[in-house]
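Worksheet for the structure shown next.
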Number of protein chains: 4
Amino acid sequence: MTIRVGVIGAGIMGADHIRTLSRSVRGAEVVLVADLDAGRAAEAAAPAGARSSTGPEALIADLEVDAVIIASHDSTHAALVTACLAAGKPVLCEKPLAPTVEECRDLVELEGGRGLVSLGFMRRFDPSHVELRRRIADGDLGEVLTVHNISRGVRGAPDASNAFAITGSAIHELDSMPWLLGQPITEVAWLSGRKSTSLAPAGLQDPSFMLLRMADGMLVTLELFLNADYGYVTRCEVVGERGTASFTDSPLLETSTARRRSTEYPADWRPRFADAYRLQLQAWIDSLAHGTPTPLATAADGLRASQVAAALLESERSGGAFVRVAYQGTRQETGVRT
Amino acid sequence: MTIRVGVIGAGIMGADHIRTLSRSVRGAEVVLVADLDAGRAAEAAAPAGARSSTGPEALIADLEVDAVIIASHDSTHAALVTACLAAGKPVLCEKPLAPTVEECRDLVELEGGRGLVSLGFMRRFDPSHVELRRRIADGDLGEVLTVHNISRGVRGAPDASNAFAITGSAIHELDSMPWLLGQPITEVAWLSGRKSTSLAPAGLQDPSFMLLRMADGMLVTLELFLNADYGYVTRCEVVGERGTASFTDSPLLETSTARRRSTEYPADWRPRFADAYRLQLQAWIDSLAHGTPTPLATAADGLRASQVAAALLESERSGGAFVRVAYQGTRQETGVRT
Amino acid sequence: MTIRVGVIGAGIMGADHIRTLSRSVRGAEVVLVADLDAGRAAEAAAPAGARSSTGPEALIADLEVDAVIIASHDSTHAALVTACLAAGKPVLCEKPLAPTVEECRDLVELEGGRGLVSLGFMRRFDPSHVELRRRIADGDLGEVLTVHNISRGVRGAPDASNAFAITGSAIHELDSMPWLLGQPITEVAWLSGRKSTSLAPAGLQDPSFMLLRMADGMLVTLELFLNADYGYVTRCEVVGERGTASFTDSPLLETSTARRRSTEYPADWRPRFADAYRLQLQAWIDSLAHGTPTPLATAADGLRASQVAAALLESERSGGAFVRVAYQGTRQETGVRT
Amino acid sequence: MTIRVGVIGAGIMGADHIRTLSRSVRGAEVVLVADLDAGRAAEAAAPAGARSSTGPEALIADLEVDAVIIASHDSTHAALVTACLAAGKPVLCEKPLAPTVEECRDLVELEGGRGLVSLGFMRRFDPSHVELRRRIADGDLGEVLTVHNISRGVRGAPDASNAFAITGSAIHELDSMPWLLGQPITEVAWLSGRKSTSLAPAGLQDPSFMLLRMADGMLVTLELFLNADYGYVTRCEVVGERGTASFTDSPLLETSTARRRSTEYPADWRPRFADAYRLQLQAWIDSLAHGTPTPLATAADGLRASQVAAALLESERSGGAFVRVAYQGTRQETGVRT
């Protein structure tokens, strides 16, 4: 049984999903690609042997489309997921579920526990994240006391704002930390410091520094630096009573030239998370083929991450104070999926 | 179009191929598994939804089997490949093509340029090998002057001999070095030294040390240590006029406990080459689906590696002298596939 | 010309200084060792061929003692430095200069610019710190935007308090950050999180997390974990617009056994800073021999670090708020020695 | 008691010894420096407050000179050590003791067990070498089975020959391997391969590859590459039945810029062995001050290394055959100092 997938959005992420689905995932076929830019849609669709169009609604309604991937602009997510839910079609939506808590909450309610929505928090499928979570669970490190995250990219969007940095980038850690540590974030603080003036846009505090307080009191730190210039890197160090564990960069080669021994950084996140994207897509397709619940992040996970992001935005506006996360209004408020 | 695959041999390697084909390769289906041990065949076949049997010949003849994977004992390779050729079915044979030069030569002649035989020199699909080859070709390191290989396993077969170590393990480097460096091996020497007495079997010089002379005079070294105990590792350092490049171990995590900062070694080769096996299988299936020539190593590559192995065996018998590789008798003698 | 040194305090640090001075520093001779514990004094003095006693005042007054090292309990520093100043003798006092700002300020005034007091902020002589400072100054990293410090020990004193953690341990970073970055710390915050309950004493928040704001607005972070159990480590990552630089652990060997590739951590700070202590002592002795100003940290540096520590203590008492550092009352208030 | 040292040869190595002795070694004073180049002698002597001259014989005879360091051209070593022995003065001679076995044997006989000659095989004082030797002795790695050495420099002398590469550079491993492994080298082979044509002089096989057979049958490998261009590095991997140990590069910092994470290589051997030189000089001075036997390598060690070098030279002339080391003619032939 082959799952016929329609992909909305043929930008970097959408094109990447199309390539992965049509080359490296079994049981899936990309049949239709929609993008506002017809040429971009056609270009991404061609190698996969898919049709292309400019209309996302028609794609969702298309009889040949069994399942939908949404990789269009963040601002379109809520409406498109809503359309998928109306059509009763399973959808894999790129993070964030939606930029605001309100939209996320509406989507969770609209889904009504049908399990149709999966969310692209692909780190849950990254082998190093999975292994780190296993080590914590195995108790090798003793009780976890703190976690340090570093998230750096080479060049952020030229119009990136603090709000975008939080809802579009830090959102990954807002999901992965509760997932990793098995407990929700209770309060957060967003701190500014010296900012990059030559590389970052004027409206963006870059780097920014965030503090996340977990339910058991643990402090988790996050440096987010969208315009770090030197290379893309996602670091995470878990510090326990008996030891620490952290990601390596896992480069393929080490070279020595010109008095330097070195390894390379990727220019963006895709090489770092190529396996994660592939494994996430395969897991999604498999769950659709077998009719089993999605093993991906859910709409409820997306709502929770959005609620934490809202608290960070409030902290940013208030000059760095700790702000409690408001989870009220959904039945998932006290727990975390493990 | 789905390629229906029959797998002969349900040991470690065969079972691994079945798992990979049925979970992570698109366009393939494992339909039949044959193993002398009926229980083992059934066990490996079940998760893939395949039938199982004890008869390799019947598998090759089976009408539902489009293509065959041979992962049975080295000594069976020649006869089974011959059967596949007689049946006109494409076959992916695990290395070595056959333990002797004569068998390999017969198979090359029997195939007659039909391109039906692919050989499991999976390193050609390992991302670190591919990247290393690209760096050499790009000239980043200047002219290559020497290469050092280290190949260590945790525990070899209890009945492993020097002959097995050469034809069953060193054979990988005998293929990968010409592939990497774009030139054939012209002479070789096999050297003994102090051997492990507590872990290696009595009949095995372990570690052994080999010298490979390339066509341009370059010396390539290889330490092969099947019972290295501490962990599985494949190392390769290419030394050029302007610099060096070598594999990293690419572990996922680094941990610090009990006064030690450490990364883990795998217990065998499978985690190290999981991507290589998956990508090799996908490339094979894709070539079958599209009717394009195999991008894997060929029977001729297998013959060439076997000819180098024969020279090493002669050096081993003669006490370590340099022995010229005899490539005569096949039309591939002077070249190397690039 | 040989500088005859008297050492007060024959504990871990004092004994270490005696060994270094008498074995690895040219131009110095340890002539007298004083410790409340007469046996300990004698034991430390013997290998150096020095006399021993229990009276620090007599040591300071001793005609054979040209210069004094104070390595006794923090609480004794102020009185003993005062005695050295009264005797007009140069003194190298272990950090902190004194636990309180008031004592430090008194000592600075008492010294009156005579340059008699040197302070054991040995990181200023650590080759990796020196190299890091040079890289920053050279501009290789671009404008520095943030710095992350990690300071972990294996086992802290069983009676360690938050106050001790700040004035006795974090004090190193309170000196090294201004020294490294060429600007003073303006405000600080001390944050608690989940604490180690099985290894840390009840009265100690361990790990603790501190934020230091530099004069140009830069945020510097410090995780201090006295009972990290796994090993002693001092990490520092400087993040600039064009790149980052950080300490390596610089272990001598890498070993591979039992499926792990590993390097060792020291059990305490002495191996990590052995070179720094030796080079600091040599620089101090050389300056005394040549009558040149001390190249070590000064009493004014000690006062400044103490003023930052006081702000951290206030933040700790107030539940984590940012507290401005009060430098008023000394003429060094606006600058930093570079 | 201060040892007054005269230094013959004010080239790179001599100047380095003068600096180290006069700045970082206790109990020593450089009083006289001799070099054929009077200006060079004066320049090196000045910072140490020493006199300078052009006559090595006068230096050896000088009444103020208690002990002599020979850092002049290899070809002068034998005559100058002979003069020191005639004057009854202790001498630290840079390696090699002399370029030929005959000269070395004469010096050993001339010394007659008086212990006046120390040899600058400084690796015996390098902390990483010392630690590696300790690990082997402790049995952490199990029985040692093989050792791989890599010795690479940035740019060799423009007139370097294979003979010089062996007697002037590989000589280090010819001493350190027996010292490390506690057994003599019994046979050796020198192998040529592809050589660097753009950077190495025409008369030099660079890189070259050597095999050393130890008394217990163990094979030790050595790649020597004088013009490796990319950086200076000394690597050594000891492979045992239970694991391996190898040097790290021990860089101070790791930097990340321009998509690369990197550490630096030194441009020559001095930074790598700065500690070794300092500790060796301190140990030598201490032994002279206390009248204890030299803890450095001895004339007999120098002879043994020279005998192995002679066998390598013979192998080089004979096209790479294994050549037995001829130790006959001295009473040290069967043992190795441990």
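Going through the structure tokens in order, the chains are called A, B, and so on, while each chain numbers its residues from 1 and the ligands are numbered from 1 in the order shown.
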Note to self: Please find the residues of chain D near chain C - the criterion being any atom within 6 Å, counting only C-alpha atoms - and write them as a ChimeraX atom specification.
What the structure shows: /D:25-26,128,243-248,250,252-257
Write to file, as a JSON list (two decimals), in the first residue's frame, the residues of the selection just made, with all heavy atoms.
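Output saved as part.json:
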[["chain", "number", "residue", "atom", "x", "y", "z"],
["D", 25, "VAL", "N", 64.79, 27.28, 34.58],
["D", 25, "VAL", "CA", 65.43, 26.18, 35.28],
["D", 25, "VAL", "C", 66.12, 26.72, 36.53],
["D", 25, "VAL", "O", 66.86, 27.70, 36.46],
["D", 25, "VAL", "CB", 66.44, 25.45, 34.36],
["D", 25, "VAL", "CG1", 67.26, 24.44, 35.15],
["D", 25, "VAL", "CG2", 65.70, 24.77, 33.22],
["D", 26, "ARG", "N", 65.86, 26.10, 37.67],
["D", 26, "ARG", "CA", 66.48, 26.59, 38.89],
["D", 26, "ARG", "C", 67.85, 25.93, 39.06],
["D", 26, "ARG", "O", 68.08, 24.78, 38.69],
["D", 26, "ARG", "CB", 65.62, 26.35, 40.11],
["D", 26, "ARG", "CG", 65.30, 24.95, 40.46],
["D", 26, "ARG", "CD", 64.39, 24.87, 41.69],
["D", 26, "ARG", "NE", 65.12, 25.08, 42.93],
["D", 26, "ARG", "CZ", 64.90, 26.09, 43.77],
["D", 26, "ARG", "NH1", 63.97, 26.97, 43.52],
["D", 26, "ARG", "NH2", 65.63, 26.23, 44.87],
["D", 128, "SER", "N", 53.67, 13.38, 27.94],
["D", 128, "SER", "CA", 52.82, 12.39, 27.26],
["D", 128, "SER", "C", 53.55, 11.09, 27.03],
["D", 128, "SER", "O", 52.97, 10.01, 27.13],
["D", 128, "SER", "CB", 52.25, 12.96, 25.96],
["D", 128, "SER", "OG", 53.26, 13.29, 25.04],
["D", 243, "GLY", "N", 43.40, -2.84, 24.49],
["D", 243, "GLY", "CA", 43.08, -1.48, 24.09],
["D", 243, "GLY", "C", 44.27, -0.74, 23.54],
["D", 243, "GLY", "O", 45.35, -1.31, 23.39],
["D", 244, "THR", "N", 44.04, 0.53, 23.24],
["D", 244, "THR", "CA", 45.09, 1.34, 22.65],
["D", 244, "THR", "C", 45.25, 2.65, 23.42],
["D", 244, "THR", "O", 44.33, 3.07, 24.13],
["D", 244, "THR", "CB", 44.74, 1.71, 21.19],
["D", 244, "THR", "OG1", 43.69, 2.68, 21.20],
["D", 244, "THR", "CG2", 44.31, 0.49, 20.40],
["D", 245, "ALA", "N", 46.41, 3.25, 23.27],
["D", 245, "ALA", "CA", 46.63, 4.58, 23.83],
["D", 245, "ALA", "C", 47.44, 5.37, 22.81],
["D", 245, "ALA", "O", 48.32, 4.83, 22.16],
["D", 245, "ALA", "CB", 47.38, 4.50, 25.16],
["D", 246, "SER", "N", 47.11, 6.65, 22.70],
["D", 246, "SER", "CA", 47.86, 7.47, 21.76],
["D", 246, "SER", "C", 47.91, 8.90, 22.25],
["D", 246, "SER", "O", 47.11, 9.32, 23.08],
["D", 246, "SER", "CB", 47.23, 7.41, 20.37],
["D", 246, "SER", "OG", 45.86, 7.61, 20.44],
["D", 247, "PHE", "N", 48.90, 9.63, 21.73],
["D", 247, "PHE", "CA", 49.02, 11.04, 22.08],
["D", 247, "PHE", "C", 47.84, 11.81, 21.52],
["D", 247, "PHE", "O", 47.31, 11.49, 20.46],
["D", 247, "PHE", "CB", 50.29, 11.65, 21.47],
["D", 247, "PHE", "CG", 51.55, 11.01, 21.92],
["D", 247, "PHE", "CD1", 52.67, 11.00, 21.09],
["D", 247, "PHE", "CD2", 51.66, 10.42, 23.17],
["D", 247, "PHE", "CE1", 53.85, 10.41, 21.49],
["D", 247, "PHE", "CE2", 52.84, 9.83, 23.58],
["D", 247, "PHE", "CZ", 53.94, 9.83, 22.74],
["D", 248, "THR", "N", 47.45, 12.85, 22.23],
["D", 248, "THR", "CA", 46.57, 13.86, 21.65],
["D", 248, "THR", "C", 47.50, 14.97, 21.15],
["D", 248, "THR", "O", 48.67, 14.97, 21.46],
["D", 248, "THR", "CB", 45.62, 14.43, 22.70],
["D", 248, "THR", "OG1", 46.41, 15.09, 23.69],
["D", 248, "THR", "CG2", 44.81, 13.33, 23.36],
["D", 250, "SER", "N", 46.98, 17.98, 22.12],
["D", 250, "SER", "CA", 46.98, 18.90, 23.25],
["D", 250, "SER", "C", 47.04, 20.37, 22.87],
["D", 250, "SER", "O", 47.83, 21.12, 23.44],
["D", 250, "SER", "CB", 48.14, 18.58, 24.19],
["D", 250, "SER", "OG", 47.92, 17.36, 24.83],
["D", 252, "LEU", "N", 45.80, 24.23, 22.97],
["D", 252, "LEU", "CA", 45.21, 24.99, 24.07],
["D", 252, "LEU", "C", 43.76, 25.37, 23.79],
["D", 252, "LEU", "O", 42.92, 25.34, 24.68],
["D", 252, "LEU", "CB", 46.02, 26.27, 24.31],
["D", 252, "LEU", "CG", 47.45, 26.07, 24.78],
["D", 252, "LEU", "CD1", 48.16, 27.42, 24.86],
["D", 252, "LEU", "CD2", 47.48, 25.38, 26.14],
["D", 253, "LEU", "N", 43.51, 25.74, 22.55],
["D", 253, "LEU", "CA", 42.18, 26.24, 22.21],
["D", 253, "LEU", "C", 41.61, 25.51, 21.00],
["D", 253, "LEU", "O", 42.36, 24.98, 20.18],
["D", 253, "LEU", "CB", 42.25, 27.74, 21.85],
["D", 253, "LEU", "CG", 42.71, 28.72, 22.91],
["D", 253, "LEU", "CD1", 42.61, 30.13, 22.36],
["D", 253, "LEU", "CD2", 41.88, 28.59, 24.19],
["D", 254, "GLU", "N", 40.32, 25.54, 20.96],
["D", 254, "GLU", "CA", 39.60, 25.09, 19.77],
["D", 254, "GLU", "C", 38.82, 26.29, 19.27],
["D", 254, "GLU", "O", 38.15, 26.95, 20.06],
["D", 254, "GLU", "CB", 38.65, 23.97, 20.18],
["D", 254, "GLU", "CG", 37.81, 23.42, 19.08],
["D", 254, "GLU", "CD", 36.89, 22.34, 19.61],
["D", 254, "GLU", "OE1", 37.30, 21.17, 19.62],
["D", 254, "GLU", "OE2", 35.78, 22.68, 20.04],
["D", 255, "THR", "N", 38.91, 26.57, 17.99],
["D", 255, "THR", "CA", 38.18, 27.72, 17.46],
["D", 255, "THR", "C", 37.24, 27.27, 16.35],
["D", 255, "THR", "O", 37.46, 26.26, 15.70],
["D", 255, "THR", "CB", 39.14, 28.78, 16.88],
["D", 255, "THR", "OG1", 39.97, 28.15, 15.90],
["D", 255, "THR", "CG2", 40.00, 29.37, 17.97],
["D", 256, "SER", "N", 36.19, 28.04, 16.16],
["D", 256, "SER", "CA", 35.23, 27.78, 15.10],
["D", 256, "SER", "C", 35.05, 29.05, 14.31],
["D", 256, "SER", "O", 34.55, 30.05, 14.84],
["D", 256, "SER", "CB", 33.88, 27.34, 15.69],
["D", 256, "SER", "OG", 33.98, 26.07, 16.28],
["D", 257, "THR", "N", 35.47, 29.04, 13.07],
["D", 257, "THR", "CA", 35.28, 30.18, 12.19],
["D", 257, "THR", "C", 35.12, 29.64, 10.78],
["D", 257, "THR", "O", 35.62, 28.56, 10.46],
["D", 257, "THR", "CB", 36.51, 31.13, 12.17],
["D", 257, "THR", "OG1", 37.67, 30.37, 11.88],
["D", 257, "THR", "CG2", 36.69, 31.84, 13.51]]
Margin query: Can you tell me which residues surround Thr167 of chain C at a distance of at most 7 Å, considering only C-alpha atoms, apart from same-chain residues fewer than 3 positions away, and format the answer as a list of chain:residue names?
Written below: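 These residues fall inside the cut-off: C:Pro96, C:Pro99, C:Ala163, C:Phe164, C:Ala170, C:Ile171, C:Ala309.
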Margin query: Would you pick out the contacts of Leu288 of chain B at 9 Å or less, using only C-alpha atoms, so that residues sharing its chain but fewer than 5 positions from it are not included, and give the list as a list of chain:residue names?
Written below: B:Ile3, B:Ala67, B:Pro90, B:Ala283, B:Pro293, B:Thr294
Identify all residues of segment 52-203 of chain D in strand (DSSP E or B) (DSSP on the backbone) and supply them as a short mmCIF file (atom, residue, chain, number, x, y, z; two decimals) with all heavy atoms, in the first residue's frame.
data_model
loop_
_atom_site.label_atom_id
_atom_site.label_comp_id
_atom_site.auth_asym_id
_atom_site.auth_seq_id
_atom_site.Cartn_x
_atom_site.Cartn_y
_atom_site.Cartn_z
N SER D 52 80.29 35.47 25.38
CA SER D 52 80.21 34.69 24.15
C SER D 52 81.56 34.64 23.46
O SER D 52 82.43 35.47 23.71
CB SER D 52 79.17 35.31 23.20
OG SER D 52 79.62 36.57 22.75
N SER D 53 81.72 33.61 22.62
CA SER D 53 82.98 33.43 21.91
C SER D 53 82.73 32.59 20.67
O SER D 53 81.61 32.17 20.41
CB SER D 53 83.99 32.72 22.80
OG SER D 53 83.68 31.33 22.86
N ALA D 67 79.70 22.70 33.36
CA ALA D 67 79.06 21.67 32.53
C ALA D 67 78.77 22.24 31.16
O ALA D 67 78.58 23.45 31.01
CB ALA D 67 77.76 21.20 33.19
N VAL D 68 78.72 21.36 30.16
CA VAL D 68 78.65 21.81 28.77
C VAL D 68 77.40 21.24 28.07
O VAL D 68 77.04 20.08 28.30
CB VAL D 68 79.91 21.35 28.00
CG1 VAL D 68 79.84 21.76 26.52
CG2 VAL D 68 81.17 21.91 28.66
N ILE D 69 76.80 22.09 27.26
CA ILE D 69 75.73 21.62 26.37
C ILE D 69 76.23 21.74 24.93
O ILE D 69 76.73 22.80 24.54
CB ILE D 69 74.45 22.46 26.55
CG1 ILE D 69 73.81 22.14 27.90
CG2 ILE D 69 73.45 22.18 25.41
CD1 ILE D 69 72.55 22.93 28.18
N ILE D 70 76.10 20.66 24.18
CA ILE D 70 76.51 20.67 22.77
C ILE D 70 75.28 20.68 21.89
O ILE D 70 74.50 19.73 21.87
CB ILE D 70 77.38 19.44 22.45
CG1 ILE D 70 78.64 19.45 23.31
CG2 ILE D 70 77.73 19.41 20.96
CD1 ILE D 70 79.51 18.20 23.17
N VAL D 91 78.60 16.62 30.22
CA VAL D 91 78.13 17.21 28.97
C VAL D 91 76.75 16.67 28.60
O VAL D 91 76.49 15.47 28.74
CB VAL D 91 79.14 16.94 27.84
CG1 VAL D 91 79.39 15.45 27.64
CG2 VAL D 91 78.69 17.56 26.52
N LEU D 92 75.88 17.59 28.18
CA LEU D 92 74.59 17.19 27.62
C LEU D 92 74.69 17.43 26.12
O LEU D 92 74.75 18.57 25.66
CB LEU D 92 73.46 18.03 28.22
CG LEU D 92 72.09 17.99 27.54
CD1 LEU D 92 71.64 16.59 27.21
CD2 LEU D 92 71.04 18.67 28.42
N CYS D 93 74.75 16.33 25.37
CA CYS D 93 74.92 16.43 23.92
C CYS D 93 73.57 16.23 23.24
O CYS D 93 72.85 15.29 23.54
CB CYS D 93 75.91 15.35 23.45
SG CYS D 93 76.21 15.39 21.67
N VAL D 117 78.43 11.70 30.24
CA VAL D 117 77.68 12.07 29.04
C VAL D 117 76.18 11.84 29.22
O VAL D 117 75.75 10.73 29.56
CB VAL D 117 78.18 11.26 27.82
CG1 VAL D 117 77.37 11.65 26.57
CG2 VAL D 117 79.67 11.52 27.58
N SER D 118 75.40 12.88 28.96
CA SER D 118 73.95 12.75 28.88
C SER D 118 73.55 13.10 27.46
O SER D 118 74.18 13.95 26.81
CB SER D 118 73.27 13.72 29.85
OG SER D 118 73.63 13.41 31.18
N LEU D 119 72.48 12.45 27.00
CA LEU D 119 72.11 12.64 25.60
C LEU D 119 70.70 13.23 25.52
O LEU D 119 69.81 12.82 26.26
CB LEU D 119 72.18 11.29 24.88
CG LEU D 119 72.30 11.36 23.36
CD1 LEU D 119 73.50 12.19 22.94
CD2 LEU D 119 72.44 9.94 22.81
N VAL D 144 51.29 -5.53 24.86
CA VAL D 144 51.42 -4.65 23.69
C VAL D 144 51.75 -5.50 22.46
O VAL D 144 52.64 -6.35 22.50
CB VAL D 144 52.51 -3.60 23.91
CG1 VAL D 144 52.71 -2.77 22.64
CG2 VAL D 144 52.13 -2.68 25.06
N LEU D 145 51.01 -5.26 21.37
CA LEU D 145 51.16 -6.08 20.17
C LEU D 145 51.79 -5.34 18.99
O LEU D 145 52.51 -5.91 18.19
CB LEU D 145 49.79 -6.62 19.75
CG LEU D 145 49.10 -7.48 20.81
CD1 LEU D 145 47.70 -7.87 20.35
CD2 LEU D 145 49.92 -8.73 21.13
N THR D 146 51.52 -4.05 18.91
CA THR D 146 52.15 -3.27 17.85
C THR D 146 52.08 -1.80 18.22
O THR D 146 51.31 -1.40 19.11
CB THR D 146 51.47 -3.52 16.47
OG1 THR D 146 52.26 -2.92 15.44
CG2 THR D 146 50.07 -2.93 16.41
N VAL D 147 52.92 -1.00 17.56
CA VAL D 147 52.95 0.45 17.80
C VAL D 147 53.06 1.15 16.45
O VAL D 147 53.83 0.71 15.59
CB VAL D 147 54.16 0.84 18.69
CG1 VAL D 147 54.19 2.35 18.92
CG2 VAL D 147 54.13 0.10 20.01
N HIS D 148 52.28 2.21 16.29
CA HIS D 148 52.35 2.99 15.06
C HIS D 148 52.84 4.40 15.38
O HIS D 148 52.23 5.10 16.17
CB HIS D 148 50.97 3.07 14.40
CG HIS D 148 50.41 1.74 14.01
ND1 HIS D 148 51.04 0.91 13.12
CD2 HIS D 148 49.30 1.09 14.39
CE1 HIS D 148 50.33 -0.19 12.96
NE2 HIS D 148 49.27 -0.11 13.73
N ASN D 149 53.93 4.79 14.73
CA ASN D 149 54.48 6.13 14.92
C ASN D 149 54.32 6.96 13.64
O ASN D 149 54.52 6.44 12.54
CB ASN D 149 55.98 6.06 15.23
CG ASN D 149 56.26 5.41 16.57
OD1 ASN D 149 56.14 6.04 17.60
ND2 ASN D 149 56.63 4.13 16.54
N ILE D 150 53.98 8.21 13.84
CA ILE D 150 53.93 9.18 12.74
C ILE D 150 54.78 10.36 13.17
O ILE D 150 54.56 10.90 14.26
CB ILE D 150 52.49 9.68 12.49
CG1 ILE D 150 51.56 8.52 12.12
CG2 ILE D 150 52.47 10.79 11.45
CD1 ILE D 150 51.59 8.07 10.70
N SER D 151 55.73 10.76 12.36
CA SER D 151 56.58 11.91 12.70
C SER D 151 56.61 12.83 11.50
O SER D 151 57.19 12.51 10.46
CB SER D 151 57.99 11.42 13.03
OG SER D 151 58.83 12.51 13.34
N ARG D 152 55.93 13.97 11.64
CA ARG D 152 55.82 14.88 10.51
C ARG D 152 56.27 16.29 10.87
O ARG D 152 55.93 16.78 11.95
CB ARG D 152 54.38 14.92 10.00
CG ARG D 152 53.90 13.61 9.43
CD ARG D 152 52.50 13.67 8.85
NE ARG D 152 52.06 12.33 8.50
CZ ARG D 152 50.82 11.86 8.66
NH1 ARG D 152 49.88 12.62 9.18
NH2 ARG D 152 50.51 10.62 8.32
N ILE D 185 65.41 -3.22 19.72
CA ILE D 185 65.01 -3.44 18.32
C ILE D 185 65.98 -4.46 17.73
O ILE D 185 67.19 -4.31 17.87
CB ILE D 185 65.09 -2.12 17.53
CG1 ILE D 185 64.13 -1.09 18.13
CG2 ILE D 185 64.81 -2.36 16.05
CD1 ILE D 185 64.37 0.34 17.64
N THR D 186 65.45 -5.48 17.08
CA THR D 186 66.34 -6.52 16.56
C THR D 186 66.58 -6.45 15.06
O THR D 186 67.63 -6.81 14.58
CB THR D 186 65.77 -7.93 16.88
OG1 THR D 186 64.46 -8.02 16.32
CG2 THR D 186 65.73 -8.16 18.37
N GLU D 187 65.56 -6.02 14.31
CA GLU D 187 65.78 -5.86 12.87
C GLU D 187 64.89 -4.74 12.36
O GLU D 187 63.90 -4.39 12.99
CB GLU D 187 65.51 -7.16 12.11
CG GLU D 187 64.08 -7.67 12.19
CD GLU D 187 63.82 -8.86 11.23
OE1 GLU D 187 64.78 -9.36 10.64
OE2 GLU D 187 62.65 -9.23 11.08
N VAL D 188 65.28 -4.19 11.22
CA VAL D 188 64.58 -3.02 10.69
C VAL D 188 64.51 -3.10 9.18
O VAL D 188 65.30 -3.78 8.53
CB VAL D 188 65.30 -1.71 11.08
CG1 VAL D 188 65.34 -1.52 12.59
CG2 VAL D 188 66.72 -1.69 10.51
N ALA D 189 63.53 -2.37 8.63
CA ALA D 189 63.44 -2.23 7.18
C ALA D 189 63.05 -0.80 6.85
O ALA D 189 62.28 -0.18 7.59
CB ALA D 189 62.41 -3.21 6.61
N TRP D 190 63.63 -0.30 5.79
CA TRP D 190 63.36 1.08 5.34
C TRP D 190 62.72 1.00 3.96
O TRP D 190 63.32 0.43 3.04
CB TRP D 190 64.69 1.85 5.29
CG TRP D 190 64.55 3.30 4.91
CD1 TRP D 190 64.49 4.37 5.75
CD2 TRP D 190 64.48 3.84 3.58
NE1 TRP D 190 64.37 5.53 5.04
CE2 TRP D 190 64.36 5.25 3.70
CE3 TRP D 190 64.49 3.28 2.31
CZ2 TRP D 190 64.28 6.09 2.61
CZ3 TRP D 190 64.39 4.12 1.20
CH2 TRP D 190 64.29 5.52 1.36
N LEU D 191 61.51 1.54 3.83
CA LEU D 191 60.76 1.38 2.59
C LEU D 191 60.51 2.72 1.93
O LEU D 191 60.18 3.71 2.59
CB LEU D 191 59.42 0.71 2.88
CG LEU D 191 59.52 -0.70 3.45
CD1 LEU D 191 58.18 -1.14 4.04
CD2 LEU D 191 59.96 -1.67 2.37
#
Next item on the list: Using only C-alpha atoms, find the one residue out of A:Gly9, A:Gly217, A:Pro295, A:Pro178 that sits nearest to Thr54 of chain A.
Entry: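 Of A:Gly9, A:Gly217, A:Pro295, A:Pro178, the one nearest Thr54 of chain A, counting only C-alpha atoms, is A:Gly9.
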Notebook entry, point to check: Running DSSP on the backbone, which parts of segment 30-251 of chain B land in alpha helix (DSSP H), as number ranges by chain?
Noted result: B: 38-45, 56-61, 77-87, 101-111, 127-138, 162-164, 171-181
